[in-house]
Each structure stands twice: as structure tokens, then as C-alpha cells.
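Below is data-v6.cif, holding mmCIF, C-alpha atoms and all ligand atoms.
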```cif
data_entry
#
loop_
_atom_site.label_atom_id
_atom_site.label_comp_id
_atom_site.auth_asym_id
_atom_site.auth_seq_id
_atom_site.Cartn_x
_atom_site.Cartn_y
_atom_site.Cartn_z
CA MET A 22 10.11 16.56 -8.98
CA SER A 23 9.27 13.03 -9.84
CA LYS A 24 6.45 12.46 -12.21
CA ILE A 25 4.02 9.59 -12.00
CA ARG A 26 1.77 9.03 -14.97
CA GLY A 27 1.92 12.65 -15.97
CA VAL A 28 1.13 13.78 -12.45
CA PHE A 29 3.62 15.93 -10.56
CA PHE A 30 4.54 14.45 -7.25
CA PRO A 31 5.86 17.15 -4.99
CA LEU A 32 7.04 14.59 -2.42
CA VAL A 33 9.55 15.91 0.07
CA LEU A 34 9.61 19.31 -1.52
CA CYS A 35 6.44 19.78 0.38
CA LEU A 36 8.27 19.23 3.60
CA SER A 37 7.67 22.92 3.69
CA LEU A 38 4.39 21.47 4.91
CA LEU A 39 6.21 21.96 8.20
CA ALA A 40 5.29 25.57 7.69
CA GLY A 41 1.88 24.58 6.41
CA ALA A 42 2.85 26.01 3.07
CA CYS A 43 1.48 23.21 0.95
CA GLY A 44 -1.17 20.58 1.38
CA GLY A 45 -3.78 19.23 -0.93
CA ASN A 46 -6.77 19.61 1.30
CA ASP A 47 -8.45 22.96 1.09
CA ASN A 48 -11.79 21.71 2.31
CA PRO A 49 -11.96 21.88 6.10
CA ALA A 50 -15.13 19.78 6.06
CA ILE A 51 -13.18 16.70 5.01
CA GLU A 52 -9.96 17.20 6.91
CA GLY A 53 -9.20 14.02 8.85
CA GLN A 54 -12.74 12.80 8.23
CA PRO A 55 -13.16 11.68 4.66
CA GLY A 56 -16.74 11.77 3.35
CA GLY A 57 -19.43 9.12 3.37
CA SER A 58 -21.39 10.87 6.10
CA GLU A 59 -24.65 10.26 4.22
CA SER A 60 -26.36 7.03 5.08
CA GLN A 61 -26.90 4.45 2.32
CA GLU A 62 -29.31 1.53 2.14
CA ALA A 63 -27.67 -1.85 2.44
CA PRO A 64 -27.75 -3.46 -1.02
CA GLU A 65 -29.17 -6.92 -1.67
CA PHE A 66 -26.58 -9.25 -3.10
CA GLU A 67 -27.19 -12.45 -4.97
CA GLU A 68 -27.18 -15.49 -2.67
CA GLY A 69 -23.90 -17.36 -2.83
CA THR A 70 -21.74 -14.35 -3.66
CA THR A 71 -18.84 -13.26 -1.47
CA MET A 72 -20.54 -9.90 -0.96
CA ALA A 73 -23.66 -11.64 0.44
CA ALA A 74 -21.50 -13.83 2.70
CA ILE A 75 -19.60 -10.82 4.09
CA GLN A 76 -22.84 -8.90 4.62
CA GLN A 77 -24.39 -11.84 6.47
CA ARG A 78 -21.26 -12.35 8.57
CA GLY A 79 -21.39 -8.65 9.47
CA SER A 80 -17.66 -8.14 9.14
CA LEU A 81 -15.20 -7.47 6.32
CA LYS A 82 -11.73 -8.89 6.92
CA VAL A 83 -9.11 -6.60 5.42
CA GLY A 84 -5.37 -7.25 5.28
CA THR A 85 -3.33 -4.06 5.40
CA LYS A 86 -0.05 -2.62 6.67
CA PHE A 87 0.25 -1.33 10.23
CA ASP A 88 3.59 0.52 9.92
CA GLN A 89 3.23 2.65 6.80
CA PRO A 90 2.25 6.27 7.50
CA LEU A 91 -0.13 7.71 4.87
CA PHE A 92 -1.30 4.26 3.61
CA GLY A 93 -1.76 1.87 6.52
CA LEU A 94 -0.65 2.80 10.02
CA LYS A 95 -1.79 1.64 13.43
CA ASN A 96 -1.95 4.91 15.35
CA PRO A 97 0.07 4.26 18.52
CA VAL A 98 -2.12 6.61 20.56
CA THR A 99 -5.62 5.68 19.42
CA ASN A 100 -4.89 2.20 18.00
CA ASP A 101 -6.95 3.23 14.96
CA ILE A 102 -5.74 2.01 11.58
CA GLU A 103 -5.30 5.00 9.30
CA GLY A 104 -4.29 5.83 5.74
CA PHE A 105 -5.33 5.81 2.11
CA ASP A 106 -5.53 2.00 1.87
CA VAL A 107 -7.69 2.03 4.99
CA GLU A 108 -10.02 4.62 3.44
CA ILE A 109 -10.33 2.50 0.29
CA ALA A 110 -11.37 -0.42 2.52
CA LYS A 111 -13.97 1.79 4.23
CA ILE A 112 -15.43 2.80 0.86
CA ILE A 113 -15.82 -0.90 0.04
CA ALA A 114 -17.32 -1.66 3.45
CA GLN A 115 -19.97 1.02 2.97
CA GLU A 116 -20.95 -0.49 -0.39
CA ILE A 117 -21.42 -3.87 1.29
CA PHE A 118 -23.08 -2.92 4.58
CA GLY A 119 -24.76 0.39 3.75
CA GLY A 120 -25.17 3.00 6.51
CA THR A 121 -22.66 5.81 6.86
CA ARG A 122 -18.98 5.32 6.05
CA GLU A 123 -18.22 5.50 9.76
CA GLU A 124 -20.81 2.85 10.63
CA ALA A 125 -19.53 0.60 7.87
CA ALA A 126 -15.93 1.12 9.03
CA GLU A 127 -16.83 -0.37 12.41
CA LYS A 128 -17.57 -3.63 10.62
CA ILE A 129 -14.02 -3.91 9.26
CA GLU A 130 -11.59 -6.20 10.98
CA PHE A 131 -8.09 -5.02 10.00
CA ILE A 132 -5.43 -7.70 10.01
CA GLU A 133 -1.75 -6.80 9.65
CA THR A 134 -0.34 -8.37 6.50
CA VAL A 135 3.34 -7.74 5.84
CA SER A 136 4.52 -7.88 2.24
CA ALA A 137 5.66 -11.51 2.14
CA VAL A 138 2.43 -13.09 3.40
CA ARG A 139 -0.20 -11.35 1.26
CA GLU A 140 -0.84 -14.07 -1.31
CA ALA A 141 -0.80 -16.81 1.33
CA GLU A 142 -3.28 -14.96 3.57
CA ILE A 143 -5.71 -14.53 0.65
CA GLN A 144 -5.35 -18.17 -0.34
CA LYS A 145 -5.91 -19.33 3.26
CA GLY A 146 -9.06 -17.23 3.44
CA SER A 147 -7.95 -15.37 6.56
CA VAL A 148 -8.79 -12.09 4.79
CA ASP A 149 -11.49 -11.18 2.27
CA ILE A 150 -9.33 -8.55 0.62
CA ILE A 151 -5.86 -7.10 0.90
CA VAL A 152 -5.45 -3.35 0.51
CA ALA A 153 -1.78 -2.87 1.33
CA THR A 154 0.34 -0.93 -1.19
CA TYR A 155 0.03 -4.17 -3.16
CA THR A 156 1.51 -4.06 -6.65
CA ILE A 157 -0.39 -5.92 -9.35
CA ASN A 158 1.92 -8.14 -11.39
CA ASP A 159 1.75 -11.36 -13.39
CA ALA A 160 3.56 -13.51 -10.84
CA ARG A 161 1.05 -12.54 -8.15
CA LYS A 162 -1.84 -12.91 -10.59
CA ALA A 163 -0.95 -16.60 -10.84
CA LEU A 164 -1.90 -16.92 -7.16
CA VAL A 165 -4.56 -14.28 -6.45
CA ASP A 166 -6.70 -11.81 -8.38
CA PHE A 167 -6.68 -8.04 -8.24
CA ALA A 168 -9.28 -5.32 -8.56
CA GLY A 169 -7.95 -1.94 -9.57
CA PRO A 170 -5.45 -0.43 -9.92
CA TYR A 171 -6.55 2.43 -7.66
CA PHE A 172 -3.17 4.20 -7.50
CA ILE A 173 0.16 4.14 -9.35
CA ALA A 174 3.32 4.52 -7.27
CA GLY A 175 6.96 4.27 -8.35
CA GLN A 176 9.96 2.81 -6.56
CA ASP A 177 12.38 5.35 -5.12
CA ILE A 178 15.23 5.54 -2.59
CA MET A 179 15.45 7.04 0.91
CA VAL A 180 18.82 8.11 2.35
CA GLU A 181 20.09 10.15 5.26
CA ARG A 182 19.36 13.81 4.77
CA ASP A 183 23.03 14.78 4.30
CA ASN A 184 23.80 12.00 1.81
CA ASN A 185 24.54 13.41 -1.64
CA ASP A 186 26.18 10.31 -3.15
CA ILE A 187 23.05 8.31 -3.87
CA LYS A 188 20.92 9.94 -6.53
CA GLY A 189 19.49 7.00 -8.44
CA VAL A 190 19.24 3.21 -8.55
CA GLN A 191 22.67 2.76 -10.20
CA ASP A 192 24.32 4.44 -7.22
CA LEU A 193 23.06 1.59 -5.02
CA ASN A 194 25.66 -0.79 -6.50
CA GLY A 195 28.21 -1.48 -3.76
CA LYS A 196 25.95 0.01 -1.10
CA LYS A 197 23.94 -1.65 1.69
CA VAL A 198 20.29 -1.34 0.78
CA CYS A 199 17.31 -2.39 2.88
CA SER A 200 13.86 -3.37 1.66
CA ALA A 201 10.99 -5.61 2.74
CA GLN A 202 10.98 -9.34 2.16
CA GLY A 203 8.45 -10.48 -0.43
CA SER A 204 8.19 -7.05 -2.00
CA THR A 205 8.62 -6.03 -5.60
CA SER A 206 11.00 -3.39 -4.21
CA LEU A 207 13.58 -5.97 -3.11
CA LYS A 208 13.34 -7.85 -6.39
CA ASN A 209 13.56 -4.69 -8.50
CA VAL A 210 16.66 -3.37 -6.73
CA GLN A 211 18.36 -6.77 -7.02
CA GLU A 212 17.66 -6.69 -10.75
CA GLN A 213 18.51 -3.05 -11.44
CA ALA A 214 21.49 -2.69 -9.08
CA PRO A 215 22.92 -6.24 -8.97
CA GLN A 216 26.00 -5.19 -6.96
CA ALA A 217 23.85 -3.72 -4.18
CA ASP A 218 24.17 -5.57 -0.85
CA THR A 219 20.60 -6.52 0.07
CA SER A 220 21.51 -8.98 2.81
CA ILE A 221 19.75 -6.82 5.40
CA SER A 222 16.01 -7.03 4.86
CA PHE A 223 13.00 -7.07 7.13
CA GLU A 224 9.32 -7.86 7.16
CA ARG A 225 8.52 -4.16 7.58
CA TYR A 226 9.83 -0.94 6.06
CA SER A 227 9.78 0.75 9.47
CA ASP A 228 12.59 -1.64 10.49
CA CYS A 229 14.55 -0.59 7.39
CA ALA A 230 14.18 3.05 8.50
CA THR A 231 15.63 2.11 11.90
CA ALA A 232 18.54 0.36 10.16
CA LEU A 233 19.18 3.51 8.09
CA ARG A 234 19.18 5.65 11.21
CA ASP A 235 21.61 3.25 12.95
CA GLY A 236 23.96 3.24 9.97
CA ARG A 237 23.49 -0.48 9.32
CA VAL A 238 22.41 0.35 5.75
CA ASP A 239 23.11 3.23 3.35
CA ALA A 240 19.65 3.39 1.80
CA VAL A 241 16.09 2.10 1.96
CA THR A 242 14.21 1.40 -1.23
CA THR A 243 10.52 0.93 -1.87
CA ASP A 244 7.58 2.86 -3.33
CA ASN A 245 7.93 6.65 -3.23
CA VAL A 246 4.72 7.17 -1.24
CA ILE A 247 5.79 4.70 1.46
CA LEU A 248 9.13 6.49 1.75
CA LEU A 249 7.34 9.82 1.83
CA GLY A 250 5.41 8.63 4.88
CA LEU A 251 8.65 7.59 6.61
CA VAL A 252 10.27 10.95 5.79
CA LYS A 253 7.21 12.82 6.99
CA ASP A 254 7.82 11.33 10.45
CA ASN A 255 11.60 12.00 10.31
CA PRO A 256 12.07 15.16 8.21
CA ASN A 257 15.40 16.10 9.85
CA ASP A 258 16.94 12.68 9.33
CA PHE A 259 15.87 11.29 5.97
CA LYS A 260 15.06 12.38 2.42
CA VAL A 261 13.72 10.72 -0.72
CA VAL A 262 16.03 11.12 -3.72
CA GLU A 263 13.00 11.56 -6.02
CA ASN A 264 14.20 9.48 -8.93
CA THR A 265 11.71 6.70 -9.46
CA PHE A 266 12.74 3.66 -11.48
CA THR A 267 9.62 1.44 -11.65
CA GLU A 268 5.86 1.70 -11.93
CA GLU A 269 3.84 0.09 -9.13
CA PRO A 270 0.08 -0.16 -9.79
CA TYR A 271 -1.69 -0.78 -6.48
CA GLY A 272 -4.53 -3.30 -6.57
CA ILE A 273 -6.97 -4.87 -4.13
CA GLY A 274 -6.01 -8.51 -3.72
CA LEU A 275 -8.76 -11.15 -3.54
CA LYS A 276 -9.19 -14.90 -3.97
CA LYS A 277 -8.42 -16.04 -7.49
CA GLY A 278 -11.38 -16.75 -9.72
CA ASP A 279 -14.02 -14.86 -7.69
CA GLN A 280 -15.24 -12.92 -10.71
CA ALA A 281 -18.42 -11.51 -9.14
CA PHE A 282 -16.49 -10.12 -6.16
CA ARG A 283 -13.80 -8.66 -8.42
CA ASP A 284 -16.44 -7.01 -10.63
CA PHE A 285 -18.07 -5.57 -7.51
CA LEU A 286 -14.73 -4.19 -6.24
CA ASN A 287 -13.88 -2.70 -9.64
CA ASP A 288 -17.35 -1.11 -9.88
CA THR A 289 -16.96 0.29 -6.36
CA LEU A 290 -13.59 1.82 -7.25
CA GLU A 291 -14.98 3.35 -10.45
CA GLU A 292 -17.92 4.78 -8.56
CA SER A 293 -15.54 6.29 -5.98
CA TYR A 294 -13.61 7.94 -8.82
CA GLN A 295 -16.85 9.46 -10.13
CA ASN A 296 -18.52 10.54 -6.90
CA GLY A 297 -15.37 12.13 -5.46
CA SER A 298 -14.90 9.77 -2.52
CA TRP A 299 -11.57 8.45 -3.91
CA GLU A 300 -10.23 12.00 -4.12
CA GLU A 301 -11.54 12.88 -0.66
CA ALA A 302 -9.87 9.78 0.76
CA PHE A 303 -6.59 10.69 -0.96
CA ASN A 304 -6.67 14.31 0.21
CA ALA A 305 -7.41 13.34 3.80
CA THR A 306 -4.46 10.93 3.93
CA VAL A 307 -1.62 11.16 1.37
CA GLY A 308 -2.70 14.74 0.61
CA GLU A 309 -1.87 15.69 4.18
CA ALA A 310 1.80 15.24 3.21
CA GLY A 311 1.45 17.79 0.45
CA VAL A 312 0.84 15.39 -2.44
CA GLU A 313 -1.75 16.57 -4.93
CA ALA A 314 -4.39 14.00 -5.84
CA PRO A 315 -3.57 12.58 -9.28
CA GLU A 316 -6.19 11.42 -11.78
CA PRO A 317 -7.18 7.95 -10.57
CA PRO A 318 -5.97 5.21 -12.92
CA ASP A 319 -8.39 3.20 -15.07
CA VAL A 320 -9.30 -0.12 -13.47
CA ASP A 321 -8.15 -3.16 -15.43
CA PRO A 322 -10.77 -5.93 -15.57
CA TYR A 323 -8.27 -8.42 -17.04
CA PRO A 324 -9.56 -11.94 -17.80
CA SER A 325 -8.60 -14.19 -14.88
CA THR A 326 -7.56 -17.77 -15.48
CA GLY A 327 -9.58 -18.61 -12.39
CA GLU A 328 -7.24 -21.35 -11.21
CA ALA A 329 -4.82 -20.49 -8.43
CA SER A 330 -1.38 -22.07 -8.27
CA PRO A 331 -0.63 -23.70 -4.89
CA ALA A 332 0.03 -21.29 -2.00
CA PRO A 333 3.69 -20.39 -1.51
CA THR A 334 5.12 -21.83 1.69
CA PRO A 335 6.95 -19.15 3.61
CA THR A 336 10.25 -20.49 4.95
CA VAL A 337 12.67 -18.95 7.36
CA THR A 338 15.98 -18.09 5.71
CA GLY A 339 17.45 -15.49 3.46
CA THR A 340 18.03 -12.78 6.05
CA ALA A 341 21.74 -13.40 6.43
CA GLY A 342 23.30 -10.39 8.06
CA ALA A 343 19.97 -8.97 9.08
CA SER A 344 19.39 -7.93 12.62
CA PRO A 345 16.33 -9.54 14.08
CA SER A 346 13.17 -7.51 13.89
CA PRO A 347 12.21 -5.77 17.13
CA THR A 348 9.47 -8.31 17.68
CA GLY A 349 12.12 -11.01 17.58
CA THR A 350 10.02 -13.06 15.20
CA ALA A 351 11.62 -15.00 12.40
CA SER A 352 10.92 -13.46 9.06
CA PRO A 353 9.61 -15.40 6.11
CA THR A 354 11.70 -15.14 2.99
CA ALA A 355 10.46 -13.26 0.02
CA SER A 356 7.84 -15.26 -1.75
CA PRO A 357 9.38 -16.50 -4.99
CA THR A 358 6.68 -14.70 -6.88
CA SER A 359 7.22 -11.15 -5.74
N1 LIG B 1 4.25 -2.15 -3.89
C1 LIG B 1 5.33 -3.04 -3.61
C2 LIG B 1 4.85 -4.44 -3.37
O1 LIG B 1 3.67 -4.70 -3.40
C3 LIG B 1 6.18 -2.56 -2.44
C4 LIG B 1 5.41 -2.14 -1.23
C5 LIG B 1 5.05 -3.28 -0.32
O2 LIG B 1 5.89 -4.14 -0.05
O3 LIG B 1 3.94 -3.27 0.16
O4 LIG B 1 5.62 -5.33 -3.18
#
```
Would you encode the structure as C-alpha cells?
Ligand code: GLU
Amino acid sequence: MSKIRGVFFPLVLCLSLLAGACGGNDNPAIEGQPGGSESQEAPEFEEGTTMAAIQQRGSLKVGTKFDQPLFGLKNPVTNDIEGFDVEIAKIIAQEIFGGTREEAAEKIEFIETVSAVREAEIQKGSVDIIVATYTINDARKALVDFAGPYFIAGQDIMVERDNNDIKGVQDLNGKKVCSAQGSTSLKNVQEQAPQADTSISFERYSDCATALRDGRVDAVTTDNVILLGLVKDNPNDFKVVENTFTEEPYGIGLKKGDQAFRDFLNDTLEESYQNGSWEEAFNATVGEAGVEAPEPPDVDPYPSTGEASPAPTPTVTGTAGASPSPTGTASPTASPTS
């Protein structure tokens, strides 16, 4: 079992969830429909704040992932965007617009933001917030600000189910390892397993999973909970080695220097910890894969410098050896700040 911040993480062990043997959600009332059914009054925000502007506009623009089961996934059948990050965004929307959680959710415009473009999208103003398995770190804090953290993940490795050679990050030396461009995952593996061949990388982790299935790579590395979602969809093909080697605190990204908005987001997170909506959201999403809800982490209201460095310019290189993504689009390189 891997342990995150003192919390047991029964990851793939709970693939016995196939038999329904484990699962964090004992409350049928919240299954698939996390809380917030009570209507709230819309709050009055101070004129000139981001919250007031979003409320007046009547829509909250949220950057998230569309290919990560459990956190941010565009359901291919319903086209709904689902997952824990999505539920966090809905909790925020309800605090801005009032009404029920469902009514507030209708006012969210979800925009797909792959790992490499998150800072640039915030800086351009094309999103109000990013909730997208987004690790808080100093390099990113030079460009954007973060509320949270609201979850702590750890980087792990996914291999084919019958692979018993790769048990930890050191075993990746000499192996072909796929990760997403612009992620901390790619940077961490390059640092901790410098002989790993990382020449195959993609914008999305789902493309790495395809490369693993095709035998183009030996392993995929990123946060354990992202890998868990990929394994959940392919339990006969893949497994997570369950040997984390980093700590990844997930934050809500926002424009640098917007202190009032950051305070509001941090307060909203803290309130969700206290009133149980964070736990409900977790249980209805990640919990469905058999992961027990951990204690939510303390938010970190660090002092922001307020001044953003210039936006990174994504360029198209650095994917030597990579097969093109299924969309055929060129992939931006990892932002130098990942
Ligand atoms: N949490 C890591 C990051 O923000 C990896 C997951 C991702 O790429 O979204 O870079």
C-alpha cells in the first residue's frame, strides 16, 4: 500500500472493486450525485472583485482535464465533464452564484486545459480558474497563484499487468517512459531516473496509456490517482506499482496577484472541508475506485508577490520519437517552469 500524508491509499488493491468488495461510498443518497441539493442565496460581492465580475457575467470559466477518469473526464456518452476536480469547481460555482449545486454547475463553462498550457491560459484570461490535477510549486507560483491545496497526490508508475521488472523510479533507467508535456511528472522522472528514455511524450496521459498498450513505451509515470483512473478503465492490462516518489499538492490556479479571489477560493475550500461537501465530492468520484477519503490538507495562504513573470510561449519541439497524438495536433513542449 502506498501512503500519502499518513493516509492509506488502497489504489489498485481495490480492483477487487470489480466484485464490489470495496468502495468508499456507503451513503446511497450521494452516490453519483454529490450534495449541494439545498438552495443557497446568491452572495453579494464587493464591486470590482473577480467574484462580482463572474457573478454578473453569469458564467464561471474553468480549465480542467477531459481525459483523466476520476478527476476530469469528458464522458463519451453524455458529454458531461466528471470527476473530483469538476466537483471542486461546482462547489466554487455554488458559492458564487447561489442556488443548488446543480443549478450553479450549469453556469460553469469547462475548457480543456492540458498540462503544458495551464499557466498560459490563466495569464491570457481564457479561464477564471484551473482545477486540473495541478501541482502547486514555486516555478508555477512565479506565473500564477494557487488556492489550496485541496488534495495531495504522489507520483507513481503504471506498467503492463504482467511486468514485474519495474518496481520503483530507479528501475525506469534504461526504459522507455511516457508522461505528459509540461507536467511535474516528466520533470521529476528526468531528474530521478536520468537514464530513462523520455523521448515519447504527449499532451495527454490517455495517449501515454495507448503507447503502453502498443508496446511503444515500458511505463507511464504521473500522479498515482491519475494512473488509478487509467487502470480502473483497463484492469486486465495495466497496474500501478504503488511506490510513490514525490508529493504533489493540488491547487486551484488563478491569475497572479488577485488576493481577494484567492482568499475567497481558500475560504470556500475550508468551508467545504468543514461542511462535508469536500468529502462527499471525493467519495462520489475518486472514492468510486475504492480510495478512502483522506483528511483534506490545510490550505496554504502563502504571501503572493503579486507580479507575474511574462507568459511562457509554447513552442513546437521536443517530442522527438513521439508518435503524433490522435488528434494530429502539434504538441507544445513542456513549459520551462513545470
Ligand atoms: N500534478 C502534476 C502536474 O501538475 C501531474 C499531473 C498533470 O500533468 O496534470 O504537473
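Of the listed residues A:Phe266, A:Tyr155, A:Trp299, A:Phe282, the one whose atoms come nearest to ligand LIG 1 (chain B) is A:Tyr155, with distances taken using all atoms listed in the file.
Coordinates place atom CA of Lys128 of chain A at a distance of 15.1 Å from atom CA of Glu103 of chain A.
For the pair atom CA of Asn264 of chain A and atom CA of Phe303 of chain A, the interatomic distance is 22.3 Å.
Between atom O1 of ligand LIG 1 (chain B) and atom CA of Val107 of chain A there is a distance of 15.6 Å.
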Please return as an MDAnalysis selection string the residues found within 7 Å of ligand LIG 1 (chain B), counting only C-alpha atoms and all ligand atoms. chainID A and resid 136 153:156 201 203:206 243:244 269 271 359
Which neighbours of Arg122 of chain A fall inside 12 Å, counting all atoms listed in the file, when residues of the same chain fewer than 2 positions from it are skipped, and could you give them as a VMD selection string? chain A and resid 54 to 63 107 to 120 124 to 129 298 302
Residues as selected, C-alpha atoms, written as a CSV table (one decimal), keeping the file's coordinate frame, can you do that?
```
chain,number,residue,atom,x,y,z
A,54,GLN,CA,-12.7,12.8,8.2
A,55,PRO,CA,-13.2,11.7,4.7
A,56,GLY,CA,-16.7,11.8,3.4
A,57,GLY,CA,-19.4,9.1,3.4
A,58,SER,CA,-21.4,10.9,6.1
A,59,GLU,CA,-24.6,10.3,4.2
A,60,SER,CA,-26.4,7.0,5.1
A,61,GLN,CA,-26.9,4.4,2.3
A,62,GLU,CA,-29.3,1.5,2.1
A,63,ALA,CA,-27.7,-1.8,2.4
A,107,VAL,CA,-7.7,2.0,5.0
A,108,GLU,CA,-10.0,4.6,3.4
A,109,ILE,CA,-10.3,2.5,0.3
A,110,ALA,CA,-11.4,-0.4,2.5
A,111,LYS,CA,-14.0,1.8,4.2
A,112,ILE,CA,-15.4,2.8,0.9
A,113,ILE,CA,-15.8,-0.9,0.0
A,114,ALA,CA,-17.3,-1.7,3.4
A,115,GLN,CA,-20.0,1.0,3.0
A,116,GLU,CA,-21.0,-0.5,-0.4
A,117,ILE,CA,-21.4,-3.9,1.3
A,118,PHE,CA,-23.1,-2.9,4.6
A,119,GLY,CA,-24.8,0.4,3.8
A,120,GLY,CA,-25.2,3.0,6.5
A,124,GLU,CA,-20.8,2.8,10.6
A,125,ALA,CA,-19.5,0.6,7.9
A,126,ALA,CA,-15.9,1.1,9.0
A,127,GLU,CA,-16.8,-0.4,12.4
A,128,LYS,CA,-17.6,-3.6,10.6
A,129,ILE,CA,-14.0,-3.9,9.3
A,298,SER,CA,-14.9,9.8,-2.5
A,302,ALA,CA,-9.9,9.8,0.8
```
Counting all atoms listed in the file, which residues sit no farther than 10 Å from the position (-5.4, -9.3, 12.1) in the file's frame? I'd like them as JSON, numbers by chain. {"A": [82, 83, 84, 85, 87, 130, 131, 132, 133, 134, 147, 148]}
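Proximity of A:Ile75, A:Phe105, A:Glu67, A:Asp239 to Asp186 of chain A, computed with only C-alpha atoms, is greatest for A:Asp239.
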